[in-house]
file work_22.cif (mmCIF, C-alpha atoms; chains and numbers go by the auth columns)
data_final
#
loop_
_atom_site.group_PDB
_atom_site.id
_atom_site.type_symbol
_atom_site.label_atom_id
_atom_site.label_comp_id
_atom_site.label_asym_id
_atom_site.label_seq_id
_atom_site.Cartn_x
_atom_site.Cartn_y
_atom_site.Cartn_z
_atom_site.B_iso_or_equiv
_atom_site.auth_seq_id
_atom_site.auth_asym_id
ATOM 1 C CA MET A 1 18.760 89.617 -155.142 0.00 1 A
ATOM 2 C CA ILE A 2 19.354 91.449 -158.406 0.00 2 A
ATOM 3 C CA SER A 3 22.398 90.903 -160.577 0.00 3 A
ATOM 4 C CA ARG A 4 23.458 93.125 -163.443 0.00 4 A
ATOM 5 C CA GLY A 5 25.653 91.733 -166.141 0.00 5 A
ATOM 6 C CA GLY A 6 24.404 88.196 -166.352 0.00 6 A
ATOM 7 C CA ARG A 7 25.578 84.920 -165.070 0.00 7 A
ATOM 8 C CA ASP A 8 25.681 82.472 -164.919 0.00 8 A
ATOM 9 C CA GLY A 9 -1.768 67.959 -178.698 0.00 9 A
ATOM 10 C CA ASP A 10 -19.812 57.061 -192.794 0.00 10 A
ATOM 11 C CA ALA A 11 -22.965 58.357 -192.796 0.00 11 A
ATOM 12 C CA PHE A 12 -23.805 55.029 -194.500 0.00 12 A
ATOM 13 C CA ALA A 13 -22.356 51.598 -193.881 0.00 13 A
ATOM 14 C CA ASP A 14 -20.603 49.966 -196.829 0.00 14 A
ATOM 15 C CA ARG A 15 -23.485 47.776 -197.926 0.00 15 A
ATOM 16 C CA ASP A 16 -24.054 46.039 -201.277 0.00 16 A
ATOM 17 C CA ILE A 17 -27.143 47.701 -202.777 0.00 17 A
ATOM 18 C CA ARG A 18 -26.217 47.244 -206.401 0.00 18 A
ATOM 19 C CA GLY A 19 -28.790 44.500 -207.110 0.00 19 A
ATOM 20 C CA ASP A 20 -32.221 45.103 -208.658 0.00 20 A
ATOM 21 C CA CYS A 21 -35.305 45.472 -206.441 0.00 21 A
ATOM 22 C CA PRO A 22 -37.405 42.284 -206.879 0.00 22 A
ATOM 23 C CA SER A 23 -40.620 44.256 -207.147 0.00 23 A
ATOM 24 C CA MET A 24 -39.382 46.976 -209.498 0.00 24 A
ATOM 25 C CA GLY A 25 -37.116 45.188 -211.942 0.00 25 A
ATOM 26 C CA ALA A 26 -33.748 46.263 -213.225 0.00 26 A
ATOM 27 C CA GLY A 27 -32.896 49.910 -212.876 0.00 27 A
ATOM 28 C CA GLY A 28 -35.621 50.544 -210.259 0.00 28 A
ATOM 29 C CA PRO A 29 -35.488 52.640 -207.084 0.00 29 A
ATOM 30 C CA CYS A 30 -32.580 50.661 -205.640 0.00 30 A
ATOM 31 C CA ARG A 31 -30.308 51.994 -208.381 0.00 31 A
ATOM 32 C CA ALA A 32 -31.597 55.528 -207.785 0.00 32 A
ATOM 33 C CA ALA A 33 -31.069 55.130 -204.040 0.00 33 A
ATOM 34 C CA TYR A 34 -27.545 53.887 -204.656 0.00 34 A
ATOM 35 C CA GLY A 35 -26.792 56.948 -206.800 0.00 35 A
ATOM 36 C CA ALA A 36 -28.201 59.296 -204.143 0.00 36 A
ATOM 37 C CA ARG A 37 -26.147 57.644 -201.426 0.00 37 A
ATOM 38 C CA ARG A 38 -23.038 57.759 -203.569 0.00 38 A
ATOM 39 C CA ASN A 39 -23.577 61.491 -204.138 0.00 39 A
ATOM 40 C CA LEU A 40 -24.081 62.038 -200.420 0.00 40 A
ATOM 41 C CA ARG A 41 -20.848 60.197 -199.687 0.00 41 A
ATOM 42 C CA ARG A 42 -19.076 62.488 -202.138 0.00 42 A
ATOM 43 C CA VAL A 43 -20.488 65.596 -200.400 0.00 43 A
ATOM 44 C CA GLU A 44 -19.532 64.268 -196.967 0.00 44 A
ATOM 45 C CA SER A 45 -16.023 63.497 -198.221 0.00 45 A
ATOM 46 C CA GLN A 46 -15.673 67.021 -199.611 0.00 46 A
ATOM 47 C CA ARG A 47 -16.788 68.484 -196.284 0.00 47 A
ATOM 48 C CA THR A 48 -14.258 66.359 -194.422 0.00 48 A
ATOM 49 C CA ASP A 49 -11.452 67.400 -196.767 0.00 49 A
ATOM 50 C CA ALA A 50 -12.432 71.060 -196.401 0.00 50 A
ATOM 51 C CA GLY A 51 -12.385 70.715 -192.619 0.00 51 A
ATOM 52 C CA ARG A 52 -8.938 69.183 -192.736 0.00 52 A
ATOM 53 C CA GLU A 53 -7.694 71.993 -194.963 0.00 53 A
ATOM 54 C CA ARG A 54 -9.058 74.618 -192.548 0.00 54 A
ATOM 55 C CA SER A 55 -7.456 72.816 -189.647 0.00 55 A
ATOM 56 C CA GLY A 56 -4.107 72.702 -191.419 0.00 56 A
ATOM 57 C CA ALA A 57 -4.302 76.377 -192.327 0.00 57 A
ATOM 58 C CA GLU A 58 -5.027 77.332 -188.755 0.00 58 A
ATOM 59 C CA GLY A 59 -2.081 75.265 -187.521 0.00 59 A
ATOM 60 C CA SER A 60 -2.317 74.431 -183.842 0.00 60 A
ATOM 61 C CA ARG A 61 -4.269 77.545 -182.850 0.00 61 A
ATOM 62 C CA GLU A 62 -6.581 76.223 -180.162 0.00 62 A
ATOM 63 C CA SER A 63 -8.422 79.461 -179.386 0.00 63 A
ATOM 64 C CA GLU A 64 -8.300 83.131 -180.142 0.00 64 A
ATOM 65 C CA GLY A 65 -4.888 84.514 -179.278 0.00 65 A
ATOM 66 C CA VAL A 66 -3.266 81.133 -178.548 0.00 66 A
ATOM 67 C CA CYS A 67 -0.779 79.122 -180.603 0.00 67 A
ATOM 68 C CA VAL A 68 0.606 75.719 -179.635 0.00 68 A
ATOM 69 C CA PHE A 69 4.003 74.674 -180.953 0.00 69 A
ATOM 70 C CA PRO A 70 5.215 71.055 -180.825 0.00 70 A
ATOM 71 C CA SER A 71 8.777 70.578 -179.640 0.00 71 A
ATOM 72 C CA ASN A 72 10.375 67.218 -180.365 0.00 72 A
ATOM 73 C CA ALA A 73 13.795 68.032 -178.937 0.00 73 A
ATOM 74 C CA PRO A 74 15.552 70.655 -176.781 0.00 74 A
ATOM 75 C CA ASP A 75 16.751 72.382 -179.945 0.00 75 A
ATOM 76 C CA ASP A 76 13.108 72.915 -180.949 0.00 76 A
ATOM 77 C CA THR A 77 12.285 74.518 -177.599 0.00 77 A
ATOM 78 C CA PHE A 78 15.273 76.820 -177.985 0.00 78 A
ATOM 79 C CA ALA A 79 14.246 77.698 -181.563 0.00 79 A
ATOM 80 C CA ILE A 80 10.672 78.547 -180.524 0.00 80 A
ATOM 81 C CA GLY A 81 12.045 80.838 -177.817 0.00 81 A
ATOM 82 C CA ARG A 82 14.377 82.511 -180.292 0.00 82 A
ATOM 83 C CA MET A 83 11.542 82.969 -182.783 0.00 83 A
ATOM 84 C CA LEU A 84 9.393 84.637 -180.127 0.00 84 A
ATOM 85 C CA GLY A 85 12.346 86.761 -179.027 0.00 85 A
ATOM 86 C CA GLU A 86 12.710 88.173 -182.534 0.00 86 A
ATOM 87 C CA ALA A 87 9.174 89.572 -182.285 0.00 87 A
ATOM 88 C CA LEU A 88 9.484 91.074 -178.784 0.00 88 A
ATOM 89 C CA ARG A 89 9.705 94.777 -178.040 0.00 89 A
ATOM 90 C CA PRO A 90 11.156 96.745 -175.122 0.00 90 A
ATOM 91 C CA GLY A 91 8.624 96.695 -172.301 0.00 91 A
ATOM 92 C CA ASP A 92 7.238 93.248 -173.168 0.00 92 A
ATOM 93 C CA VAL A 93 6.769 90.817 -170.284 0.00 93 A
ATOM 94 C CA VAL A 94 6.878 87.076 -170.960 0.00 94 A
ATOM 95 C CA ALA A 95 5.391 84.892 -168.214 0.00 95 A
ATOM 96 C CA LEU A 96 6.778 81.334 -168.331 0.00 96 A
ATOM 97 C CA THR A 97 5.035 78.464 -166.582 0.00 97 A
ATOM 98 C CA GLY A 98 5.668 74.727 -166.616 0.00 98 A
ATOM 99 C CA ASP A 99 6.800 71.826 -164.492 0.00 99 A
ATOM 100 C CA LEU A 100 10.359 71.423 -163.305 0.00 100 A
ATOM 101 C CA GLY A 101 12.430 70.290 -166.294 0.00 101 A
ATOM 102 C CA ALA A 102 9.932 71.451 -168.913 0.00 102 A
ATOM 103 C CA GLY A 103 12.514 73.735 -170.523 0.00 103 A
ATOM 104 C CA LYS A 104 11.711 77.219 -169.243 0.00 104 A
ATOM 105 C CA THR A 105 15.339 78.335 -168.916 0.00 105 A
ATOM 106 C CA LEU A 106 16.185 76.829 -172.322 0.00 106 A
ATOM 107 C CA PHE A 107 13.277 78.782 -173.801 0.00 107 A
ATOM 108 C CA CYS A 108 14.621 81.931 -172.152 0.00 108 A
ATOM 109 C CA LYS A 109 18.036 81.254 -173.670 0.00 109 A
ATOM 110 C CA GLY A 110 16.397 81.254 -177.092 0.00 110 A
ATOM 111 C CA ILE A 111 14.771 84.607 -176.376 0.00 111 A
ATOM 112 C CA GLY A 112 18.115 85.940 -175.173 0.00 112 A
ATOM 113 C CA GLU A 113 19.941 84.906 -178.317 0.00 113 A
ATOM 114 C CA ALA A 114 17.349 86.754 -180.418 0.00 114 A
ATOM 115 C CA LEU A 115 18.063 89.851 -178.333 0.00 115 A
ATOM 116 C CA GLY A 116 21.823 89.569 -178.898 0.00 116 A
ATOM 117 C CA ILE A 117 22.737 87.783 -175.664 0.00 117 A
ATOM 118 C CA LEU A 118 24.893 84.661 -175.591 0.00 118 A
ATOM 119 C CA PRO A 119 22.836 81.667 -174.396 0.00 119 A
ATOM 120 C CA GLU A 120 25.504 80.597 -171.910 0.00 120 A
ATOM 121 C CA ARG A 121 25.052 83.855 -170.035 0.00 121 A
ATOM 122 C CA ILE A 122 21.507 82.847 -169.097 0.00 122 A
ATOM 123 C CA ALA A 123 21.129 80.239 -166.388 0.00 123 A
ATOM 124 C CA SER A 124 18.759 79.184 -163.635 0.00 124 A
ATOM 125 C CA PRO A 125 20.186 81.217 -160.751 0.00 125 A
ATOM 126 C CA THR A 126 21.007 79.593 -157.441 0.00 126 A
ATOM 127 C CA TYR A 127 20.706 82.698 -155.321 0.00 127 A
ATOM 128 C CA THR A 128 20.214 85.579 -157.760 0.00 128 A
ATOM 129 C CA MET A 129 16.523 85.858 -158.586 0.00 129 A
ATOM 130 C CA ILE A 130 16.711 88.733 -161.060 0.00 130 A
ATOM 131 C CA THR A 131 19.490 89.065 -163.629 0.00 131 A
ATOM 132 C CA GLU A 132 19.904 91.815 -166.206 0.00 132 A
ATOM 133 C CA HIS A 133 21.664 91.145 -169.505 0.00 133 A
ATOM 134 C CA GLU A 134 22.750 93.810 -171.972 0.00 134 A
ATOM 135 C CA GLY A 135 22.147 93.041 -175.639 0.00 135 A
ATOM 136 C CA ARG A 136 20.503 94.538 -178.697 0.00 136 A
ATOM 137 C CA VAL A 137 17.558 94.853 -176.336 0.00 137 A
ATOM 138 C CA ARG A 138 18.164 94.570 -172.597 0.00 138 A
ATOM 139 C CA LEU A 139 16.791 91.413 -171.005 0.00 139 A
ATOM 140 C CA VAL A 140 15.628 91.064 -167.411 0.00 140 A
ATOM 141 C CA HIS A 141 15.475 87.403 -166.441 0.00 141 A
ATOM 142 C CA ALA A 142 13.595 86.631 -163.233 0.00 142 A
ATOM 143 C CA ASP A 143 13.420 83.165 -161.720 0.00 143 A
ATOM 144 C CA VAL A 144 11.008 83.275 -158.777 0.00 144 A
ATOM 145 C CA TYR A 145 11.026 79.564 -157.958 0.00 145 A
ATOM 146 C CA ARG A 146 12.398 80.241 -154.485 0.00 146 A
ATOM 147 C CA LEU A 147 9.926 82.967 -153.587 0.00 147 A
ATOM 148 C CA ASP A 148 7.244 82.024 -151.100 0.00 148 A
ATOM 149 C CA SER A 149 4.892 84.938 -151.637 0.00 149 A
ATOM 150 C CA VAL A 150 4.053 87.906 -153.827 0.00 150 A
ATOM 151 C CA ARG A 151 5.162 90.108 -150.951 0.00 151 A
ATOM 152 C CA GLU A 152 8.693 88.754 -151.312 0.00 152 A
ATOM 153 C CA ALA A 153 8.589 89.615 -155.018 0.00 153 A
ATOM 154 C CA GLU A 154 7.569 93.154 -154.155 0.00 154 A
ATOM 155 C CA GLU A 155 10.362 93.406 -151.592 0.00 155 A
ATOM 156 C CA ILE A 156 12.981 92.751 -154.273 0.00 156 A
ATOM 157 C CA GLY A 157 11.324 95.259 -156.610 0.00 157 A
ATOM 158 C CA LEU A 158 9.981 92.857 -159.201 0.00 158 A
ATOM 159 C CA HIS A 159 6.629 94.631 -159.446 0.00 159 A
ATOM 160 C CA GLU A 160 8.377 97.891 -160.341 0.00 160 A
ATOM 161 C CA ILE A 161 10.475 96.200 -163.015 0.00 161 A
ATOM 162 C CA LEU A 162 7.422 94.567 -164.584 0.00 162 A
ATOM 163 C CA ALA A 163 5.410 97.777 -164.517 0.00 163 A
ATOM 164 C CA GLY A 164 7.852 100.176 -166.113 0.00 164 A
ATOM 165 C CA SER A 165 10.930 98.607 -167.655 0.00 165 A
ATOM 166 C CA ASP A 166 12.372 99.464 -171.059 0.00 166 A
ATOM 167 C CA ALA A 167 13.737 95.921 -171.250 0.00 167 A
ATOM 168 C CA VAL A 168 12.175 92.629 -172.250 0.00 168 A
ATOM 169 C CA CYS A 169 11.292 90.847 -169.010 0.00 169 A
ATOM 170 C CA VAL A 170 11.046 87.055 -168.799 0.00 170 A
ATOM 171 C CA VAL A 171 9.670 85.542 -165.592 0.00 171 A
ATOM 172 C CA GLU A 172 10.102 81.849 -164.847 0.00 172 A
ATOM 173 C CA TRP A 173 7.553 80.240 -162.501 0.00 173 A
ATOM 174 C CA ALA A 174 5.317 83.202 -163.258 0.00 174 A
ATOM 175 C CA GLU A 175 2.296 81.571 -161.643 0.00 175 A
ATOM 176 C CA LYS A 176 3.883 82.328 -158.253 0.00 176 A
ATOM 177 C CA VAL A 177 3.643 86.074 -158.887 0.00 177 A
ATOM 178 C CA ALA A 178 0.467 86.127 -160.985 0.00 178 A
ATOM 179 C CA GLU A 179 -0.976 89.006 -158.946 0.00 179 A
ATOM 180 C CA ILE A 180 1.672 91.468 -160.096 0.00 180 A
ATOM 181 C CA LEU A 181 1.969 90.413 -163.742 0.00 181 A
ATOM 182 C CA PRO A 182 0.754 92.955 -166.316 0.00 182 A
ATOM 183 C CA THR A 183 -2.626 92.037 -167.752 0.00 183 A
ATOM 184 C CA ASN A 184 -1.207 92.255 -171.279 0.00 184 A
ATOM 185 C CA CYS A 185 1.794 90.017 -170.663 0.00 185 A
ATOM 186 C CA ILE A 186 2.662 87.247 -173.107 0.00 186 A
ATOM 187 C CA ARG A 187 1.976 83.903 -171.429 0.00 187 A
ATOM 188 C CA VAL A 188 3.978 80.820 -172.376 0.00 188 A
ATOM 189 C CA THR A 189 3.171 77.388 -170.952 0.00 189 A
ATOM 190 C CA LEU A 190 5.548 74.479 -171.492 0.00 190 A
ATOM 191 C CA SER A 191 4.077 71.004 -171.003 0.00 191 A
ATOM 192 C CA ILE A 192 6.003 67.732 -170.882 0.00 192 A
ATOM 193 C CA SER A 193 4.587 65.159 -173.320 0.00 193 A
ATOM 194 C CA GLY A 194 7.507 62.701 -173.466 0.00 194 A
ATOM 195 C CA GLU A 195 11.169 62.258 -172.646 0.00 195 A
ATOM 196 C CA ASP A 196 12.228 65.070 -174.986 0.00 196 A
ATOM 197 C CA ARG A 197 8.846 66.132 -176.336 0.00 197 A
ATOM 198 C CA ARG A 198 7.231 69.346 -175.193 0.00 198 A
ATOM 199 C CA SER A 199 4.167 71.378 -176.064 0.00 199 A
ATOM 200 C CA VAL A 200 4.716 75.139 -176.033 0.00 200 A
ATOM 201 C CA ALA A 201 1.548 77.248 -175.813 0.00 201 A
ATOM 202 C CA VAL A 202 1.893 80.979 -176.461 0.00 202 A
ATOM 203 C CA SER A 203 -1.013 83.213 -175.451 0.00 203 A
ATOM 204 C CA ALA A 204 -0.939 86.838 -176.591 0.00 204 A
ATOM 205 C CA PRO A 205 -4.490 88.169 -177.093 0.00 205 A
ATOM 206 C CA ASP A 206 -3.245 91.754 -177.270 0.00 206 A
ATOM 207 C CA ARG A 207 -0.537 90.945 -179.817 0.00 207 A
ATOM 208 C CA PRO A 208 -2.252 89.287 -182.810 0.00 208 A
ATOM 209 C CA GLU A 209 0.878 89.691 -184.916 0.00 209 A
ATOM 210 C CA LEU A 210 2.571 87.072 -182.751 0.00 210 A
ATOM 211 C CA LEU A 211 0.189 84.460 -184.141 0.00 211 A
ATOM 212 C CA ASP A 212 2.126 84.698 -187.401 0.00 212 A
ATOM 213 C CA LEU A 213 4.857 82.791 -185.580 0.00 213 A
ATOM 214 C CA GLN A 214 2.839 79.608 -186.116 0.00 214 A
ATOM 215 C CA ALA A 215 3.160 79.843 -189.898 0.00 215 A
ATOM 216 C CA ARG A 216 6.856 80.698 -189.653 0.00 216 A
ATOM 217 C CA TYR A 217 7.517 77.730 -187.390 0.00 217 A
ATOM 218 C CA GLN A 218 5.681 75.318 -189.687 0.00 218 A
ATOM 219 C CA ARG A 219 7.769 76.472 -192.661 0.00 219 A
ATOM 220 C CA PHE A 220 10.960 75.448 -190.867 0.00 220 A
ATOM 221 C CA HIS A 221 9.425 72.399 -189.131 0.00 221 A
ATOM 222 C CA PRO A 222 6.962 71.020 -191.700 0.00 222 A
ATOM 223 C CA GLY A 223 6.626 67.753 -189.841 0.00 223 A
ATOM 224 C CA GLY A 224 5.383 69.503 -186.703 0.00 224 A
#
call {"tool": "encode", "arguments": {"input": "work_22.cif", "output": "structure tokens"}}
result
Amino acid sequence: MISRGGRDGDAFADRDIRGDCPSMGAGGPCRAAYGARRNLRRVESQRTDAGRERSGAEGSRESEGVCVFPSNAPDDTFAIGRMLGEALRPGDVVALTGDLGAGKTLFCKGIGEALGILPERIASPTYTMITEHEGRVRLVHADVYRLDSVREAEEIGLHEILAGSDAVCVVEWAEKVAEILPTNCIRVTLSISGEDRRSVAVSAPDRPELLDLQARYQRFHPGG
């Protein structure tokens, strides 16, 4: 059913080698060996620090085209959705996956607010599977949890909406209709890591500009 209008993540042990070698006297090879080892420790430490700096600069990017955002509370999940929504364009399809209670609808509310739609207008529908919301950019919200097959999705016209809409389309439980999702869709996976903690992975290989969201998020959530 389609509704328009919205409802409701030491190379050397620390040994004491400072003494003199019995056979060489004071200042012999042991002292030279100690200096060499000390220099090697310094190099290894510099390499470790450089690696940490690179890791921090890359944020939580696990692979090309993927960013992972930590969410420590529902407000964080909403904010990540809103931040993504601000970067979306008409025709974009966002495929949401995650266990029941992971926060998919909350994430969609964040996207909706960025598009000029009141969050309370977006809800997990009981009977309506596709809801359209008018805003700065029109939003099509599809929740296919109750569909049993891709054929059912095609019967309600979801494949046509995903293929040629001028709206932003967000699909919850997208794995159930994977066969009809556009190959260039933006994939978002929400994983439960605690009572209120979530991990939000955004994959957008065809939209490298979306990876800038990681830096923006870290500016407002420096603690991660």
call {"tool": "residues_around", "arguments": {"input": "work_22.cif", "residues": "Val177 in chain A", "least_positions_apart": "4", "cutoff": "8 Å", "atoms": "all atoms listed in the file", "output": "PyMOL selection string"}}
result
chain A and resi 144+149-150+153+173+181
call {"tool": "resolve_selection", "arguments": {"input": "work_22.cif", "expression": "the PyMOL selection byres ((chain A and resi 114) around 12)", "output": "PyMOL selection string"}}
result
chain A and resi 78-89+107-113+115-119+135-139+168
call {"tool": "atom_distance", "arguments": {"input": "work_22.cif", "atom1": "CA of Asp143 in chain A", "atom2": "CA of Val170 in chain A"}}
result
8.4 Å
call {"tool": "closest_residue", "arguments": {"input": "work_22.cif", "among": "A:Glu175, A:Val202, A:Ile161, A:Gly65", "to": "Val188 in chain A", "atoms": "all atoms listed in the file"}}
result
A:Val202
call {"tool": "closest_residue", "arguments": {"input": "work_22.cif", "among": "A:Asp206, A:Asp212, A:Asp99, A:Asp75", "to": "Ser193 in chain A", "atoms": "all atoms listed in the file"}}
result
A:Asp99
call {"tool": "atom_distance", "arguments": {"input": "work_22.cif", "atom1": "CA of Arg216 in chain A", "atom2": "CA of Cys169 in chain A"}}
result
23.4 Å
call {"tool": "resolve_selection", "arguments": {"input": "work_22.cif", "expression": "the PyMOL selection byres ((chain A and resi 200) around 10)", "output": "list in words"}}
result
Cys67, Val68, Phe69, Pro70, Ser71, Asp76, Thr77, Ile80, Gly81, Gly98, Ala102, Gly103, Lys104, Phe107, Val188, Thr189, Leu190, Ser191, Ile192, Arg197, Arg198, Ser199, Ala201, Val202 and Ser203 of chain A
call {"tool": "atom_distance", "arguments": {"input": "work_22.cif", "atom1": "CA of Pro90 in chain A", "atom2": "CA of Glu120 in chain A"}}
result
21.8 Å
call {"tool": "residues_around", "arguments": {"input": "work_22.cif", "residues": "Ala204 in chain A", "least_positions_apart": "5", "cutoff": "7 Å", "atoms": "all atoms listed in the file", "output": "ChimeraX atom specification"}}
result
/A:65-66,186-187
call {"tool": "write_last_selection", "arguments": {"input": "work_22.cif", "atoms": "C-alpha atoms", "output": "PDB file, keeping the file's coordinate frame"}}
result
ATOM      1  CA  GLY A  65      -4.888  84.514-179.278  1.00  0.00           C
ATOM      2  CA  VAL A  66      -3.266  81.133-178.548  1.00  0.00           C
ATOM      3  CA  ILE A 186       2.662  87.247-173.107  1.00  0.00           C
ATOM      4  CA  ARG A 187       1.976  83.903-171.429  1.00  0.00           C
TER       5      ARG A 187
END
call {"tool": "closest_residue", "arguments": {"input": "work_22.cif", "among": "A:Leu210, A:Ala123, A:Met129, A:Val93", "to": "Asp166 in chain A", "atoms": "only C-alpha atoms"}}
result
A:Val93
